[in-house]
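Peer 1: Shown below is the structure under consideration.
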Amino acid sequence: MIAMAILVFGNLFSALYDVSIKWMPEGSNAATFLLIRQILSVLMLLPLWFYAKRPTTQHLKVHLFRSNTGALGAVCLIMGLMSLPIATVSSLFFSAPLMIVLMGSIFLKEKVTATQWLATVLGFIGILILLRPSEINIFGIAVLISAFSFAINQLALRKLPDTENPSVTLMLYNMLSIPLTFIMVLVQGFEGVSWGLIGIAALSNSFLLAYHWLCVLAYRKAQASQIAIAEYTGLLFCVLFGWLLFDEWLDGLSWVGAGFIVLPSLIIPWVAARMANLRPKKIIEQKVG
């Protein structure tokens with residue numbers, strides 16, 4: 001429960017990060033923004049790292065893997081947010097908890113119940129409804145790639161020990177991916193740099209660092225499949241902010257798709273828990289009878 005509470009709070013910052021991307025100045029590109037954000041991340045984390053007495057890591061390979069897959073996913077998410085409504089992006093991105101459950105079972109051998117499998121299947125049906133194969137575009141695919149990258153990164157956190165200082169995890173996540181991001185900048189072009197872009201990068205970076213810090217704490221305290229459901233609260237925050245700040249709203253079919261993704265993962269475990277609580281009462285009643 002503590003891990004889920006931490007993750008819910010973290011998803012508020014995740015939603016604010018999505019909002020900040022929408023405020024990027026015209027003419028900006030995703031790779032340039034990401035490079036500036038990563039450099040600012042390292043600079044912002046340095047005081048925390050020094051305050052923690054410059055901790056090190058014994059899991060450099062894990063950090064290298066997380067940082068580079070995370071950079072690819074970040075570029076894809078930024079592209080999606082620049083081109084699609086925030087509610088649509090969020091609905092697609094929150095397929096990540098489904099992927100966490102699936103990959104947690106396959107790669108980490110975590111136990112997944114029948115209700116979780118049912119929620120996962122219904123969730124992927126929701127993804128198909130949201131994507132609408134007849135209207136599919138590259139930006140929707142980019143968001144799904146980002147969700148997949150996010151799921152991999154969250155699972156990789158389980159490979160890091162609880163004793164490792166979060167400042168090291170966050171520092172290396174940004175620092176080790178700078179070379180790959182620089183290559184992406186060369187491909188997209190270094191353009192749109194302005195004080196406005198730097199300011200938005202600093203603001204969004206603050207939100208993202210808070211989110212990642214809370215994710216590190218949450219996923220170390222519980223199995224990924226047990227708390228992944230809390231990720232869905234971010235969708236609610238994003239829909240709310242999209243409506244309040246950008247006058248964006250999901251259409252009827254999109255609400256159906258979002259419902260297939262979110263509701264099964266919220267309702268099915270609750271129903272299963274209620275049935276599990278009732279079962280001992282029935283056994284007692286049978287023995288008494």
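Letters for chains follow the order of the structure tokens (A, B, ...), residue numbers begin at 1 for each chain, and ligand numbers begin at 1 in the order shown.
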I'd like the contact shell of Ala3 in chain A - 9 Å cut-off, only C-alpha atoms, skipping same-chain residues fewer than 5 positions apart - returned as a PDB file with C-alpha atoms, in the first residue's frame.
Peer 2:
```pdb
ATOM      1  CA  VAL A   8       0.085   7.618  -7.253  1.00  0.00           C
ATOM      2  CA  CYS A 215       9.224   5.335  -9.033  1.00  0.00           C
ATOM      3  CA  LEU A 217      11.258   4.112  -4.222  1.00  0.00           C
ATOM      4  CA  ALA A 218       7.962   2.441  -5.157  1.00  0.00           C
ATOM      5  CA  TYR A 219       9.248  -0.362  -7.391  1.00  0.00           C
ATOM      6  CA  ARG A 220      11.864  -1.332  -4.830  1.00  0.00           C
ATOM      7  CA  LYS A 221       9.213  -1.831  -2.162  1.00  0.00           C
ATOM      8  CA  ALA A 222       6.904  -4.229  -4.041  1.00  0.00           C
ATOM      9  CA  ILE A 227       1.665  -1.976  -7.877  1.00  0.00           C
TER      10      ILE A 227
END
```
Peer 1: Which of these residues is nearest to Glu26 in chain A, using only C-alpha atoms: A:Ala210, A:Ala147, A:Leu92, A:Val193?
Peer 2: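 The answer is A:Val193, which sits nearest to Glu26 in chain A.
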Peer 1: Any chance you could tabulate, as a Markdown table, the residues of range 106-161 of chain A at most 12 Å from range 230-245 of chain A with each one's nearest atom pair and distance in Å to one decimal, using only C-alpha atoms, in chain and rising number order?
Peer 2:
```
| residue | atom | partner | partner_atom | distance |
| --- | --- | --- | --- | --- |
| A:Gly123 | CA | A:Tyr232 | CA | 11.6 |
| A:Ala147 | CA | A:Glu231 | CA | 11.7 |
| A:Phe150 | CA | A:Glu231 | CA | 11.3 |
| A:Ala151 | CA | A:Glu231 | CA | 10.9 |
| A:Gln154 | CA | A:Glu231 | CA | 11.2 |
```
Peer 1: Put those residues in a file: N, CA and C atoms, as a compact mmCIF listing (two decimals), in the first residue's frame.
Peer 2:
```
# COMPACT_ATOMS: atom_id res chain seq x y z
N GLY A 123 -7.13 -4.91 -21.75
CA GLY A 123 -6.38 -3.68 -21.95
C GLY A 123 -5.83 -3.56 -23.36
N ALA A 147 5.85 3.56 -24.34
CA ALA A 147 5.26 2.78 -23.25
C ALA A 147 6.04 1.49 -23.02
N PHE A 150 9.22 2.33 -21.30
CA PHE A 150 8.94 2.63 -19.89
C PHE A 150 8.77 1.34 -19.08
N ALA A 151 8.03 0.39 -19.63
CA ALA A 151 7.81 -0.88 -18.94
C ALA A 151 9.12 -1.61 -18.68
N GLN A 154 11.02 0.15 -15.84
CA GLN A 154 10.49 -0.09 -14.50
C GLN A 154 10.86 -1.48 -14.01
```
Peer 1: Can you tell me how far CA of Glu248 in chain A sits from CA of Asp18 in chain A, in Å to one decimal?
Peer 2: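 For CA of Glu248 in chain A relative to CA of Asp18 in chain A, the distance reads 13.3 Å.
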Peer 1: When you count only C-alpha atoms, which of these residues is closest to Thr56 in chain A: A:Gly73, A:Pro85, A:Gly126, A:Pro166?
Peer 2: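 Of all the options, A:Pro166 lies closest to Thr56 in chain A.
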Peer 1: To one decimal place in Å, what is the distance between CA of Ser194 in chain A and CA of Leu84 in chain A?
Peer 2: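 That distance, rounded to one decimal, is 23.2 Å.
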Peer 1: In Å, how far is it from CA of Pro179 in chain A to CA of Asn68 in chain A?
Peer 2: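 Computing it gives 9.1 Å between the two atoms.
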Peer 1: Assign secondary structure with DSSP using the backbone only, and return the residues of range 39-216 of chain A in alpha helix (DSSP H) as a PyMOL selection string.
Peer 2: chain A and resi 39-51+60-83+86-93+96-107+114-131+138-156+166-175+178-188+195-216
Peer 1: Do a neighbour search on range 60-62 of chain A at 9 Å with only C-alpha atoms, toss out local chain neighbours closer than 2 positions, and write the hits as a compact mmCIF listing (two decimals) with N, CA, C and O atoms, in the first residue's frame.
Peer 2:
```txt
# COMPACT_ATOMS: atom_id res chain seq x y z
N THR A 57 27.97 2.85 -7.99
CA THR A 57 27.14 1.69 -8.30
C THR A 57 28.00 0.50 -8.71
O THR A 57 29.10 0.67 -9.25
N GLN A 58 27.48 -0.67 -8.49
CA GLN A 58 28.12 -1.91 -8.94
C GLN A 58 27.33 -2.53 -10.08
O GLN A 58 27.59 -3.67 -10.47
N LEU A 64 23.28 1.36 -17.88
CA LEU A 64 23.52 1.66 -19.30
C LEU A 64 22.34 1.21 -20.14
O LEU A 64 21.90 1.93 -21.07
N PHE A 65 21.79 0.05 -19.82
CA PHE A 65 20.62 -0.46 -20.55
C PHE A 65 19.42 0.45 -20.32
O PHE A 65 18.73 0.85 -21.26
N ARG A 66 19.15 0.80 -19.06
CA ARG A 66 18.00 1.64 -18.73
C ARG A 66 18.10 3.02 -19.38
O ARG A 66 17.11 3.55 -19.90
N SER A 67 19.28 3.61 -19.34
CA SER A 67 19.43 4.98 -19.84
C SER A 67 19.19 5.07 -21.34
O SER A 67 18.51 6.00 -21.81
N ALA A 156 13.49 -3.16 -14.96
CA ALA A 156 14.94 -3.18 -14.73
C ALA A 156 15.29 -2.62 -13.35
O ALA A 156 16.34 -2.99 -12.78
N LEU A 157 14.43 -1.78 -12.79
CA LEU A 157 14.67 -1.27 -11.44
C LEU A 157 14.73 -2.40 -10.43
O LEU A 157 15.39 -2.28 -9.39
N LYS A 159 16.25 -5.02 -10.71
CA LYS A 159 17.58 -5.60 -10.73
C LYS A 159 18.57 -4.79 -9.89
O LYS A 159 19.73 -5.18 -9.73
N LEU A 160 18.13 -3.64 -9.39
CA LEU A 160 19.00 -2.80 -8.57
C LEU A 160 18.69 -3.03 -7.10
O LEU A 160 17.53 -3.17 -6.71
N LEU A 172 22.81 8.51 -13.44
CA LEU A 172 23.28 7.66 -14.53
C LEU A 172 22.22 7.50 -15.61
O LEU A 172 22.55 7.36 -16.79
```
Peer 1: My list of candidates is A:Ile138, A:Leu209, A:Ile127, A:Met1. Which is closest to Phe13 in chain A when distances are computed with only C-alpha atoms?
Peer 2: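 Among A:Ile138, A:Leu209, A:Ile127, A:Met1, it is A:Leu209 that comes nearest to Phe13 in chain A.
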Peer 1: Would you kindly return, as an mmCIF file with all heavy atoms, in the first residue's frame, each protein, DNA or RNA residue with an atom no farther than 8 Å from any atom of range 32-37 of chain A, considering only C-alpha atoms and excluding same-chain residues fewer than 6 positions away?
Peer 2:
```cif
data_model
loop_
_atom_site.group_PDB
_atom_site.id
_atom_site.type_symbol
_atom_site.label_atom_id
_atom_site.label_comp_id
_atom_site.auth_asym_id
_atom_site.auth_seq_id
_atom_site.Cartn_x
_atom_site.Cartn_y
_atom_site.Cartn_z
ATOM 1 N N ALA A 71 16.056 6.783 -23.265
ATOM 2 C CA ALA A 71 16.222 7.916 -24.182
ATOM 3 C C ALA A 71 15.393 7.719 -25.446
ATOM 4 O O ALA A 71 14.740 8.654 -25.929
ATOM 5 C CB ALA A 71 17.699 8.087 -24.531
ATOM 6 N N ALA A 74 11.827 8.266 -24.502
ATOM 7 C CA ALA A 74 11.541 9.677 -24.210
ATOM 8 C C ALA A 74 11.330 10.480 -25.485
ATOM 9 O O ALA A 74 10.419 11.311 -25.574
ATOM 10 C CB ALA A 74 12.678 10.275 -23.382
ATOM 11 N N VAL A 75 12.163 10.239 -26.491
ATOM 12 C CA VAL A 75 12.010 10.943 -27.771
ATOM 13 C C VAL A 75 10.663 10.603 -28.407
ATOM 14 O O VAL A 75 9.958 11.477 -28.919
ATOM 15 C CB VAL A 75 13.165 10.592 -28.731
ATOM 16 C CG1 VAL A 75 12.848 11.018 -30.154
ATOM 17 C CG2 VAL A 75 14.450 11.268 -28.273
ATOM 18 N N ILE A 178 23.312 10.497 -22.816
ATOM 19 C CA ILE A 178 23.631 11.717 -23.563
ATOM 20 C C ILE A 178 24.290 11.419 -24.917
ATOM 21 O O ILE A 178 23.929 12.044 -25.927
ATOM 22 C CB ILE A 178 24.508 12.661 -22.709
ATOM 23 C CG1 ILE A 178 23.652 13.274 -21.590
ATOM 24 C CG2 ILE A 178 25.135 13.765 -23.557
ATOM 25 C CD1 ILE A 178 24.416 14.172 -20.642
ATOM 26 N N THR A 181 21.557 10.386 -27.332
ATOM 27 C CA THR A 181 20.686 11.531 -27.611
ATOM 28 C C THR A 181 21.371 12.514 -28.552
ATOM 29 O O THR A 181 20.726 13.100 -29.434
ATOM 30 C CB THR A 181 20.304 12.249 -26.302
ATOM 31 O OG1 THR A 181 19.739 11.300 -25.395
ATOM 32 C CG2 THR A 181 19.293 13.355 -26.567
ATOM 33 N N PHE A 182 22.667 12.699 -28.390
ATOM 34 C CA PHE A 182 23.421 13.595 -29.282
ATOM 35 C C PHE A 182 23.374 13.087 -30.722
ATOM 36 O O PHE A 182 23.244 13.869 -31.668
ATOM 37 C CB PHE A 182 24.867 13.720 -28.804
ATOM 38 C CG PHE A 182 25.677 14.702 -29.598
ATOM 39 C CD1 PHE A 182 25.495 16.073 -29.433
ATOM 40 C CD2 PHE A 182 26.616 14.264 -30.529
ATOM 41 C CE1 PHE A 182 26.239 16.980 -30.168
ATOM 42 C CE2 PHE A 182 27.361 15.165 -31.264
ATOM 43 C CZ PHE A 182 27.171 16.532 -31.087
ATOM 44 N N VAL A 185 20.117 13.985 -32.107
ATOM 45 C CA VAL A 185 20.093 15.416 -32.446
ATOM 46 C C VAL A 185 20.719 15.644 -33.807
ATOM 47 O O VAL A 185 20.225 16.443 -34.621
ATOM 48 C CB VAL A 185 20.821 16.239 -31.363
ATOM 49 C CG1 VAL A 185 21.046 17.676 -31.841
ATOM 50 C CG2 VAL A 185 20.018 16.250 -30.075
ATOM 51 N N GLY A 189 18.483 17.301 -36.317
ATOM 52 C CA GLY A 189 18.935 18.680 -36.500
ATOM 53 C C GLY A 189 18.875 19.446 -35.193
ATOM 54 O O GLY A 189 17.894 19.358 -34.456
ATOM 55 N N PHE A 190 19.936 20.220 -34.915
ATOM 56 C CA PHE A 190 19.995 21.014 -33.685
ATOM 57 C C PHE A 190 19.332 22.353 -33.971
ATOM 58 O O PHE A 190 19.939 23.277 -34.496
ATOM 59 C CB PHE A 190 21.454 21.212 -33.263
ATOM 60 C CG PHE A 190 21.614 21.789 -31.885
ATOM 61 C CD1 PHE A 190 21.353 21.021 -30.763
ATOM 62 C CD2 PHE A 190 22.015 23.105 -31.702
ATOM 63 C CE1 PHE A 190 21.496 21.540 -29.488
ATOM 64 C CE2 PHE A 190 22.158 23.632 -30.436
ATOM 65 C CZ PHE A 190 21.909 22.854 -29.322
ATOM 66 N N GLU A 191 18.061 22.440 -33.626
ATOM 67 C CA GLU A 191 17.310 23.637 -33.981
ATOM 68 C C GLU A 191 16.268 23.963 -32.917
ATOM 69 O O GLU A 191 15.930 23.127 -32.078
ATOM 70 C CB GLU A 191 16.592 23.444 -35.322
ATOM 71 C CG GLU A 191 15.667 22.238 -35.350
ATOM 72 C CD GLU A 191 15.142 21.924 -36.744
ATOM 73 O OE1 GLU A 191 15.768 22.360 -37.712
ATOM 74 O OE2 GLU A 191 14.100 21.258 -36.827
ATOM 75 N N GLY A 192 15.784 25.204 -32.974
ATOM 76 C CA GLY A 192 14.736 25.630 -32.054
ATOM 77 C C GLY A 192 15.221 25.962 -30.659
ATOM 78 O O GLY A 192 14.415 26.095 -29.742
ATOM 79 N N VAL A 193 16.551 26.103 -30.475
ATOM 80 C CA VAL A 193 17.084 26.396 -29.146
ATOM 81 C C VAL A 193 16.774 27.849 -28.772
ATOM 82 O O VAL A 193 17.049 28.767 -29.549
ATOM 83 C CB VAL A 193 18.600 26.147 -29.085
ATOM 84 C CG1 VAL A 193 19.133 26.457 -27.683
ATOM 85 C CG2 VAL A 193 18.916 24.712 -29.465
ATOM 86 N N LEU A 197 12.751 27.483 -24.561
ATOM 87 C CA LEU A 197 12.888 26.025 -24.583
ATOM 88 C C LEU A 197 13.688 25.545 -23.373
ATOM 89 O O LEU A 197 13.340 24.529 -22.752
ATOM 90 C CB LEU A 197 13.582 25.586 -25.876
ATOM 91 C CG LEU A 197 13.722 24.072 -26.065
ATOM 92 C CD1 LEU A 197 12.355 23.435 -26.223
ATOM 93 C CD2 LEU A 197 14.599 23.756 -27.277
ATOM 94 N N ILE A 198 14.735 26.261 -23.019
ATOM 95 C CA ILE A 198 15.551 25.890 -21.862
ATOM 96 C C ILE A 198 14.720 25.978 -20.581
ATOM 97 O O ILE A 198 14.803 25.115 -19.700
ATOM 98 C CB ILE A 198 16.796 26.785 -21.764
ATOM 99 C CG1 ILE A 198 17.726 26.521 -22.964
ATOM 100 C CG2 ILE A 198 17.546 26.532 -20.462
ATOM 101 C CD1 ILE A 198 18.900 27.467 -23.062
ATOM 102 N N ALA A 201 12.366 23.094 -20.500
ATOM 103 C CA ALA A 201 13.139 21.885 -20.216
ATOM 104 C C ALA A 201 13.450 21.781 -18.723
ATOM 105 O O ALA A 201 13.362 20.698 -18.135
ATOM 106 C CB ALA A 201 14.429 21.883 -21.027
ATOM 107 N N ALA A 202 13.794 22.915 -18.103
ATOM 108 C CA ALA A 202 14.086 22.912 -16.666
ATOM 109 C C ALA A 202 12.836 22.583 -15.858
ATOM 110 O O ALA A 202 12.886 21.808 -14.890
ATOM 111 C CB ALA A 202 14.647 24.269 -16.246
ATOM 112 N N SER A 204 10.027 20.955 -16.917
ATOM 113 C CA SER A 204 9.620 19.568 -17.150
ATOM 114 C C SER A 204 10.576 18.601 -16.477
ATOM 115 O O SER A 204 10.172 17.535 -15.993
ATOM 116 C CB SER A 204 9.545 19.279 -18.654
ATOM 117 O OG SER A 204 10.822 19.330 -19.245
ATOM 118 N N ASN A 205 11.835 18.988 -16.434
ATOM 119 C CA ASN A 205 12.832 18.136 -15.804
ATOM 120 C C ASN A 205 12.584 17.995 -14.309
ATOM 121 O O ASN A 205 12.762 16.920 -13.735
ATOM 122 C CB ASN A 205 14.223 18.710 -16.052
ATOM 123 C CG ASN A 205 15.311 17.706 -15.748
ATOM 124 O OD1 ASN A 205 15.286 16.587 -16.234
ATOM 125 N ND2 ASN A 205 16.251 18.095 -14.923
#
```
